[in-house]
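Undergrad: Handing you a structure now.
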Amino acid sequence: MSKTRRIRIIINGAVQGVGFRPFIYRLAEEMQLPGWVNNTAQGVIIEVEGLPHRLEWFLERIKAEQPPHALIQRMEHESLDPVGFTTFEIRSSDAQGGKTALLLPDLATCSACLAEIFDPQNRRYLYPFTNCTHCGPRFSIIEGLPYDRPNTSMKRFAMCPQCQAEYDDPLDRRFHAQPNACPACGPQVELWDQAGKICADHHDAVLQTVDALREGKIGAIKGLGGFHLMVDARNEDAVDRLRMLKRREEKPLALMFPDVESLRLECHLSDLEERILVSAESPIVLLERLDQINSVLAENIAPHNPYLGAMLPYTPLHHILMGLLKFPIVATSGNLSDEPICIDEHEALQRLHGLADIFLVHNRPIVRHVDDSIVRVMMDRQQIMRRARGYAPLPVDMGGELASVLAVGAHLKNTISLSRGTNIFISQHIGDLETEQAYKAFEEVISSFQKVFEAKPQAVVCDLHPDYLSTQFAKQSNASLIQVQHHYAHVLSCMAENQIDKPVLGVSWDGTGLGQDGTIWGGEFLLADRDGYQRVAHLRTFPLPSGDKAIKQPQRTALGLLYECMGEAVFNLTDAAFMQSFPPADLRLLGDMLRKDIQCPRTSSAGRLFDGAASIVADKHKVSYEGQAAMELEFALHGVVSRERYPFEILSTENAALVVDWSTTMQAILTDAADGVSIAQCSARFHNTLVEMIVDIAIRVDQKDVVLTGGCFQNRYLCENAVRRLSEEGFTPYWHSIVPPNDGGISLGQAVYACRRLQKNL
Ligand code: ZN
Ligand code: ZN
Ligand code: FE
């Protein structure tokens, strides 16, 4: 006869704030297994007593039936002598011990809550802060672990008896829902004018906001992880005014649609894209536009862009607003260009002064800024391009115990990472560390990450570039310093998210990053593993006249490229459109700079190669944001099917890396442009050439596993065709999905390297 046993189960992962304890409670009650469950800083701990086969079944059912947003990373159990439990209870949280429990991201409103918000009989009818254990704010309101109400910005709201009863009832959907609230006891909205005077409150505030937006006004709306600036997306003048005031000339603006049906009128929508849009993560998804003739959208939403960044309402407030508006609105982050998003209403009044006409605010404090994430579908799976709301701060699990390090990322699209236990936690998108505001946000994210995870890093890791503010921050810290080359960090980041730990050929292509040799890299082929790398090949280098200035003036890059391969003859190309785009004085000056090699840093950047090609074929001479010319070149090949390509050569140099020589490529592009070959054809040939360069190097290096990383691989055509061609040639390609290929992924790669180094030194 089998005897009663007691088991103790420890579950790690995203298991707090998703209704995990009520789930365990119900399961144990149903299976009549007495014991208890507790949330601790290490995760969820369960003890139950019963016959061994019943306990086995209990373990199986936990795995099989776990709540929808739970993520079990590890589940361990040990068998113990029974102590004679008689009931099953939920014990109160225990804040002791090291903090390794996962912080959950913010989750979009669930269907059950949505039904309540629009049910006139429900006590939460039109209440903008409705949530439950399956949805609502998490990361944006957490001040510390474990995830309990006193450790959130909801601590200032005492629950009314009805809310408290829900919170205490293990069978209720709101059992231990930390942000639980209702109109009687929870946060409220107010409408403020530009001076901060209250114009309306409760539902009236929402109704007046709707009126103002209908009239073409600019609204600053406090949401989940920060403020949005909103205007009617059909109103060209309103959009123009927003662009001018926000100092955002051409960069596409994100839209919020009332529902999937209204979105379908403007964009193609695949099943996967729709699933991502309505998911709990609810990111902005880049979608291909339908024929614009039937579009209701203002033309200046996303100029020259066949894609739209679109999202659906993801909080009750957004659902209520959009339900009243019934048309798409611009929902761009509440900031000036390049600054971090505003999170506090008083700060918003100052920073958005003169920009927003009205402010729809509320009194639930946002603990940290969390931007909308941006996702694109590539190779039939999602690729996160900006990782914030819905995803951050979920970690990458490295599978083994790690040293404690802080990685401070790169300069643009900055994120930071922190290792803890077996996980590397990646922060939300912080942004370009160009402004004082952004640098302040960067420091705040670092201190709040260290506080929440109670981490005391043994080492701080940064880029090689001495001018990055992140590098300077790292150098000032007391911990020991480790520096990682930029493109190697890209490769390590892609290896980590794909969970590979073996030598790879890393194709690391982006706009710019400081190389080990002091020149600017960006078209790199690195033979790499977690211990180090060797630069086995790179694109031929060329001079970049006026350095960083060329980033915003691609015709300068074109001039540098052609000067490299043609010398003085480039100045005879007086018929070429890109040459005609220079004011004569500029051209003389740039010519002098090239001849005398003044302010002409050499680079092997693939991103700049794109810019130069775009300038020559697409007459793209001025851009207002980095990567714009390359993006437009990609968009130009819309729908073209072509396997044609331009010539290129691979040069071997003595005891050094292979050099991919694009000079014949550029000359051929020049000829095509002169012959009037369509931009679409030129673009397809150019892209195909780059893909074959990758394949050619892969064959010569003969490394089976190939990692595609760096900002250039946000380009869907390049990424998809490189994957396809490498597979055809027998290689195994890896690319990004949950971590951005751009510099948002750098901090993860830095952390991986530092953890390995510290481990080896021990
Ligand atoms: Zn809910
Ligand atoms: Zn209440
Ligand atoms: Fe980069």
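Quick note on naming: the chains in the structure tokens go A, B, ... in the order shown, residues restart at 1 in each chain, and ligands are numbered from 1 in order of appearance.
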Set out as a tab-separated table a contact list for chain A and ligand 1 with a cut-off of 6 Å, giving each residue of chain A that qualifies its closest atom pair and distance in Å to one decimal, counting only C-alpha atoms and all ligand atoms, ordered by chain and rising residue number.
TA:
```
residue	atom	partner	partner_atom_place_in_ligand_line	distance
A:Thr109	CA	ligand 1	1 (Zn)	5.4
A:Cys110	CA	ligand 1	1 (Zn)	4.2
A:Ala112	CA	ligand 1	1 (Zn)	5.7
A:Cys113	CA	ligand 1	1 (Zn)	4.3
A:Asn131	CA	ligand 1	1 (Zn)	4.5
A:Cys132	CA	ligand 1	1 (Zn)	4.0
A:His134	CA	ligand 1	1 (Zn)	4.9
A:Cys135	CA	ligand 1	1 (Zn)	4.3
```
Undergrad: Please write the residues from the selection above to a file, keeping N, CA and C atoms, as a PDB file, in the first residue's frame.
TA:
```
ATOM      1  N   THR A 109      -5.546  44.797 -21.792  1.00  0.00           N
ATOM      2  CA  THR A 109      -6.844  44.457 -21.191  1.00  0.00           C
ATOM      3  C   THR A 109      -7.389  43.140 -21.746  1.00  0.00           C
ATOM      4  N   CYS A 110      -7.843  42.253 -20.845  1.00  0.00           N
ATOM      5  CA  CYS A 110      -8.350  40.949 -21.287  1.00  0.00           C
ATOM      6  C   CYS A 110      -9.821  41.065 -21.687  1.00  0.00           C
ATOM      7  N   ALA A 112     -12.448  39.494 -20.601  1.00  0.00           N
ATOM      8  CA  ALA A 112     -13.409  39.505 -19.485  1.00  0.00           C
ATOM      9  C   ALA A 112     -13.541  40.917 -18.915  1.00  0.00           C
ATOM     10  N   CYS A 113     -12.408  41.610 -18.744  1.00  0.00           N
ATOM     11  CA  CYS A 113     -12.456  42.980 -18.235  1.00  0.00           C
ATOM     12  C   CYS A 113     -13.143  43.906 -19.239  1.00  0.00           C
ATOM     13  N   ASN A 131      -8.925  46.046 -14.246  1.00  0.00           N
ATOM     14  CA  ASN A 131      -7.907  45.033 -14.555  1.00  0.00           C
ATOM     15  C   ASN A 131      -8.194  43.780 -13.740  1.00  0.00           C
ATOM     16  N   CYS A 132      -7.440  42.721 -14.000  1.00  0.00           N
ATOM     17  CA  CYS A 132      -7.583  41.499 -13.212  1.00  0.00           C
ATOM     18  C   CYS A 132      -6.247  40.748 -13.255  1.00  0.00           C
ATOM     19  N   HIS A 134      -5.334  38.557 -15.131  1.00  0.00           N
ATOM     20  CA  HIS A 134      -4.911  38.213 -16.496  1.00  0.00           C
ATOM     21  C   HIS A 134      -4.483  39.430 -17.295  1.00  0.00           C
ATOM     22  N   CYS A 135      -4.654  40.623 -16.724  1.00  0.00           N
ATOM     23  CA  CYS A 135      -4.351  41.808 -17.519  1.00  0.00           C
ATOM     24  C   CYS A 135      -4.022  42.994 -16.627  1.00  0.00           C
TER      25      CYS A 135
END
```
Undergrad: Considering only C-alpha atoms, return as a count of residues only whatever protein or nucleic-acid residues lie within 7 Å of Ala158 of chain A, sequence-local ones (same chain, fewer than 2 positions apart) excluded.
TA: 3
Undergrad: Using only C-alpha atoms, find each residue of segment 485-543 of chain A with at least one atom at most 8 Å away from an atom of segment 602-612 of chain A; report its shortest atom-to-atom pair and that distance in Å (one decimal), sort the rows by chain and rising residue number, and return the result as JSON lines.
TA:
```
{"residue": "A:Trp509", "atom": "CA", "partner": "A:Ala606", "partner_atom": "CA", "distance": 5.6}
{"residue": "A:Asp510", "atom": "CA", "partner": "A:Gly607", "partner_atom": "CA", "distance": 5.1}
{"residue": "A:Gly511", "atom": "CA", "partner": "A:Gly607", "partner_atom": "CA", "distance": 4.2}
{"residue": "A:Thr512", "atom": "CA", "partner": "A:Ser605", "partner_atom": "CA", "distance": 6.1}
{"residue": "A:Thr519", "atom": "CA", "partner": "A:Arg602", "partner_atom": "CA", "distance": 6.3}
{"residue": "A:Ile520", "atom": "CA", "partner": "A:Thr603", "partner_atom": "CA", "distance": 4.7}
{"residue": "A:Trp521", "atom": "CA", "partner": "A:Ser604", "partner_atom": "CA", "distance": 5.1}
{"residue": "A:Gly522", "atom": "CA", "partner": "A:Ser605", "partner_atom": "CA", "distance": 3.6}
{"residue": "A:Gly523", "atom": "CA", "partner": "A:Ala606", "partner_atom": "CA", "distance": 4.6}
{"residue": "A:Glu524", "atom": "CA", "partner": "A:Ser604", "partner_atom": "CA", "distance": 7.6}
{"residue": "A:His538", "atom": "CA", "partner": "A:Ser604", "partner_atom": "CA", "distance": 6.7}
{"residue": "A:Leu539", "atom": "CA", "partner": "A:Ser604", "partner_atom": "CA", "distance": 5.2}
{"residue": "A:Arg540", "atom": "CA", "partner": "A:Ser604", "partner_atom": "CA", "distance": 5.8}
{"residue": "A:Thr541", "atom": "CA", "partner": "A:Ser604", "partner_atom": "CA", "distance": 4.3}
{"residue": "A:Phe542", "atom": "CA", "partner": "A:Arg602", "partner_atom": "CA", "distance": 5.2}
{"residue": "A:Pro543", "atom": "CA", "partner": "A:Arg602", "partner_atom": "CA", "distance": 4.4}
```
Undergrad: Kindly assemble as JSON lines a list of the chain A residues that lie within 7 Å of ligand 2, each paired with its nearest atom pair and their distance in Å to one decimal, using only C-alpha atoms and all ligand atoms, sorted first by chain and then by ascending residue number.
TA:
```
{"residue": "A:Met159", "atom": "CA", "partner": "ligand 2", "partner_atom_place_in_ligand_line": "1 (Zn)", "distance": 5.2}
{"residue": "A:Cys160", "atom": "CA", "partner": "ligand 2", "partner_atom_place_in_ligand_line": "1 (Zn)", "distance": 4.2}
{"residue": "A:Pro161", "atom": "CA", "partner": "ligand 2", "partner_atom_place_in_ligand_line": "1 (Zn)", "distance": 6.8}
{"residue": "A:Gln162", "atom": "CA", "partner": "ligand 2", "partner_atom_place_in_ligand_line": "1 (Zn)", "distance": 5.8}
{"residue": "A:Cys163", "atom": "CA", "partner": "ligand 2", "partner_atom_place_in_ligand_line": "1 (Zn)", "distance": 4.3}
{"residue": "A:Ala181", "atom": "CA", "partner": "ligand 2", "partner_atom_place_in_ligand_line": "1 (Zn)", "distance": 4.9}
{"residue": "A:Cys182", "atom": "CA", "partner": "ligand 2", "partner_atom_place_in_ligand_line": "1 (Zn)", "distance": 4.0}
{"residue": "A:Pro183", "atom": "CA", "partner": "ligand 2", "partner_atom_place_in_ligand_line": "1 (Zn)", "distance": 6.3}
{"residue": "A:Ala184", "atom": "CA", "partner": "ligand 2", "partner_atom_place_in_ligand_line": "1 (Zn)", "distance": 5.0}
{"residue": "A:Cys185", "atom": "CA", "partner": "ligand 2", "partner_atom_place_in_ligand_line": "1 (Zn)", "distance": 4.3}
{"residue": "A:Gly186", "atom": "CA", "partner": "ligand 2", "partner_atom_place_in_ligand_line": "1 (Zn)", "distance": 6.1}
```
Undergrad: Keeping N, CA and C atoms, export the residues of the selection given above as a tab-separated table (two decimals), in the first residue's frame.
TA:
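Final output, saved to selection_25.tsv:
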```tsv
chain	number	residue	atom	x	y	z
A	159	MET	N	-8.38	49.64	-0.99
A	159	MET	CA	-9.48	48.98	-1.68
A	159	MET	C	-10.79	49.14	-0.90
A	160	CYS	N	-11.89	49.36	-1.62
A	160	CYS	CA	-13.21	49.40	-1.00
A	160	CYS	C	-13.59	47.96	-0.60
A	161	PRO	N	-14.61	47.78	0.24
A	161	PRO	CA	-14.96	46.42	0.69
A	161	PRO	C	-15.21	45.45	-0.48
A	162	GLN	N	-15.87	45.94	-1.52
A	162	GLN	CA	-16.16	45.04	-2.66
A	162	GLN	C	-14.89	44.59	-3.37
A	163	CYS	N	-13.98	45.53	-3.61
A	163	CYS	CA	-12.71	45.18	-4.26
A	163	CYS	C	-11.90	44.25	-3.36
A	181	ALA	N	-9.01	47.65	-8.71
A	181	ALA	CA	-9.60	48.95	-8.41
A	181	ALA	C	-10.99	49.04	-9.03
A	182	CYS	N	-11.76	50.00	-8.55
A	182	CYS	CA	-13.08	50.25	-9.13
A	182	CYS	C	-13.35	51.75	-9.03
A	183	PRO	N	-14.46	52.22	-9.61
A	183	PRO	CA	-14.72	53.67	-9.58
A	183	PRO	C	-14.81	54.21	-8.14
A	184	ALA	N	-15.18	53.37	-7.19
A	184	ALA	CA	-15.34	53.85	-5.81
A	184	ALA	C	-14.02	54.04	-5.09
A	185	CYS	N	-13.01	53.25	-5.45
A	185	CYS	CA	-11.79	53.29	-4.64
A	185	CYS	C	-10.51	53.53	-5.43
A	186	GLY	N	-10.57	53.45	-6.74
A	186	GLY	CA	-9.32	53.44	-7.52
A	186	GLY	C	-8.96	54.78	-8.13
```
Undergrad: Taking only C-alpha atoms and all ligand atoms into account, report as a CSV table (one decimal) with N, CA, C and O atoms, in the first residue's frame which residues have an atom no farther than 7 Å from an atom of ligand 3.
TA:
```csv
chain,number,residue,atom,x,y,z
A,486,HIS,N,31.7,46.5,-30.4
A,486,HIS,CA,30.2,46.7,-30.7
A,486,HIS,C,29.7,45.5,-31.6
A,486,HIS,O,28.6,45.0,-31.3
A,487,HIS,N,30.4,45.2,-32.7
A,487,HIS,CA,29.8,44.2,-33.6
A,487,HIS,C,29.9,42.8,-33.0
A,487,HIS,O,29.0,41.9,-33.3
A,490,HIS,N,26.8,42.5,-30.9
A,490,HIS,CA,25.7,42.2,-31.7
A,490,HIS,C,25.6,40.6,-31.9
A,490,HIS,O,24.5,40.0,-31.8
A,510,ASP,N,25.8,47.0,-39.6
A,510,ASP,CA,25.0,48.2,-39.1
A,510,ASP,C,25.5,49.5,-39.6
A,510,ASP,O,26.3,49.5,-40.6
A,511,GLY,N,25.1,50.6,-39.0
A,511,GLY,CA,25.6,51.9,-39.4
A,511,GLY,C,27.0,52.2,-39.0
A,511,GLY,O,27.8,52.6,-39.8
A,512,THR,N,27.2,52.0,-37.7
A,512,THR,CA,28.5,52.4,-37.2
A,512,THR,C,28.8,51.8,-35.8
A,512,THR,O,27.9,51.5,-35.0
A,513,GLY,N,30.1,51.6,-35.6
A,513,GLY,CA,30.5,51.1,-34.3
A,513,GLY,C,32.0,51.1,-34.3
A,513,GLY,O,32.6,50.9,-35.3
A,710,GLY,N,22.7,43.0,-36.3
A,710,GLY,CA,23.0,44.4,-36.5
A,710,GLY,C,21.8,45.1,-37.2
A,710,GLY,O,21.0,44.4,-37.8
A,711,GLY,N,21.7,46.4,-37.1
A,711,GLY,CA,20.6,47.1,-37.6
A,711,GLY,C,20.2,46.8,-39.0
A,711,GLY,O,19.0,47.0,-39.4
A,742,ASN,N,19.0,45.7,-33.9
A,742,ASN,CA,19.7,47.0,-33.8
A,742,ASN,C,20.4,47.1,-32.4
A,742,ASN,O,20.5,46.2,-31.7
A,743,ASP,N,20.8,48.3,-32.1
A,743,ASP,CA,21.6,48.5,-30.9
A,743,ASP,C,20.9,48.3,-29.6
A,743,ASP,O,21.5,48.2,-28.5
```
Undergrad: So that I can see what lies close to Ile218 of chain A, please list as an mmCIF file with all heavy atoms, in the first residue's frame the residues with an atom at most 6 Å from it, counting only C-alpha atoms and leaving out residues fewer than 4 positions away in the same chain.
TA:
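What ended up in selection22.cif:
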```
data_model
loop_
_atom_site.group_PDB
_atom_site.id
_atom_site.type_symbol
_atom_site.label_atom_id
_atom_site.label_comp_id
_atom_site.auth_asym_id
_atom_site.auth_seq_id
_atom_site.Cartn_x
_atom_site.Cartn_y
_atom_site.Cartn_z
ATOM 1 N N MET A 230 -1.743 62.623 -29.117
ATOM 2 C CA MET A 230 -2.746 62.096 -30.027
ATOM 3 C C MET A 230 -3.383 63.201 -30.860
ATOM 4 O O MET A 230 -3.689 64.273 -30.335
ATOM 5 C CB MET A 230 -3.839 61.373 -29.244
ATOM 6 C CG MET A 230 -3.357 60.108 -28.545
ATOM 7 S SD MET A 230 -4.724 59.229 -27.761
ATOM 8 C CE MET A 230 -3.892 57.711 -27.246
ATOM 9 N N VAL A 231 -3.561 62.898 -32.148
ATOM 10 C CA VAL A 231 -4.385 63.767 -33.008
ATOM 11 C C VAL A 231 -5.152 62.887 -33.988
ATOM 12 O O VAL A 231 -4.797 61.724 -34.212
ATOM 13 C CB VAL A 231 -3.578 64.779 -33.869
ATOM 14 C CG1 VAL A 231 -2.982 65.879 -33.049
ATOM 15 C CG2 VAL A 231 -2.552 64.093 -34.730
ATOM 16 N N ALA A 356 0.919 70.296 -26.572
ATOM 17 C CA ALA A 356 -0.411 69.713 -26.417
ATOM 18 C C ALA A 356 -1.417 70.799 -26.051
ATOM 19 O O ALA A 356 -1.105 71.715 -25.301
ATOM 20 C CB ALA A 356 -0.376 68.643 -25.337
ATOM 21 N N ASP A 357 -2.627 70.687 -26.613
ATOM 22 C CA ASP A 357 -3.681 71.646 -26.286
ATOM 23 C C ASP A 357 -4.393 71.254 -25.001
ATOM 24 O O ASP A 357 -4.861 72.106 -24.255
ATOM 25 C CB ASP A 357 -4.692 71.710 -27.435
ATOM 26 C CG ASP A 357 -4.028 72.126 -28.732
ATOM 27 O OD1 ASP A 357 -3.328 73.151 -28.723
ATOM 28 O OD2 ASP A 357 -4.192 71.416 -29.745
#
```
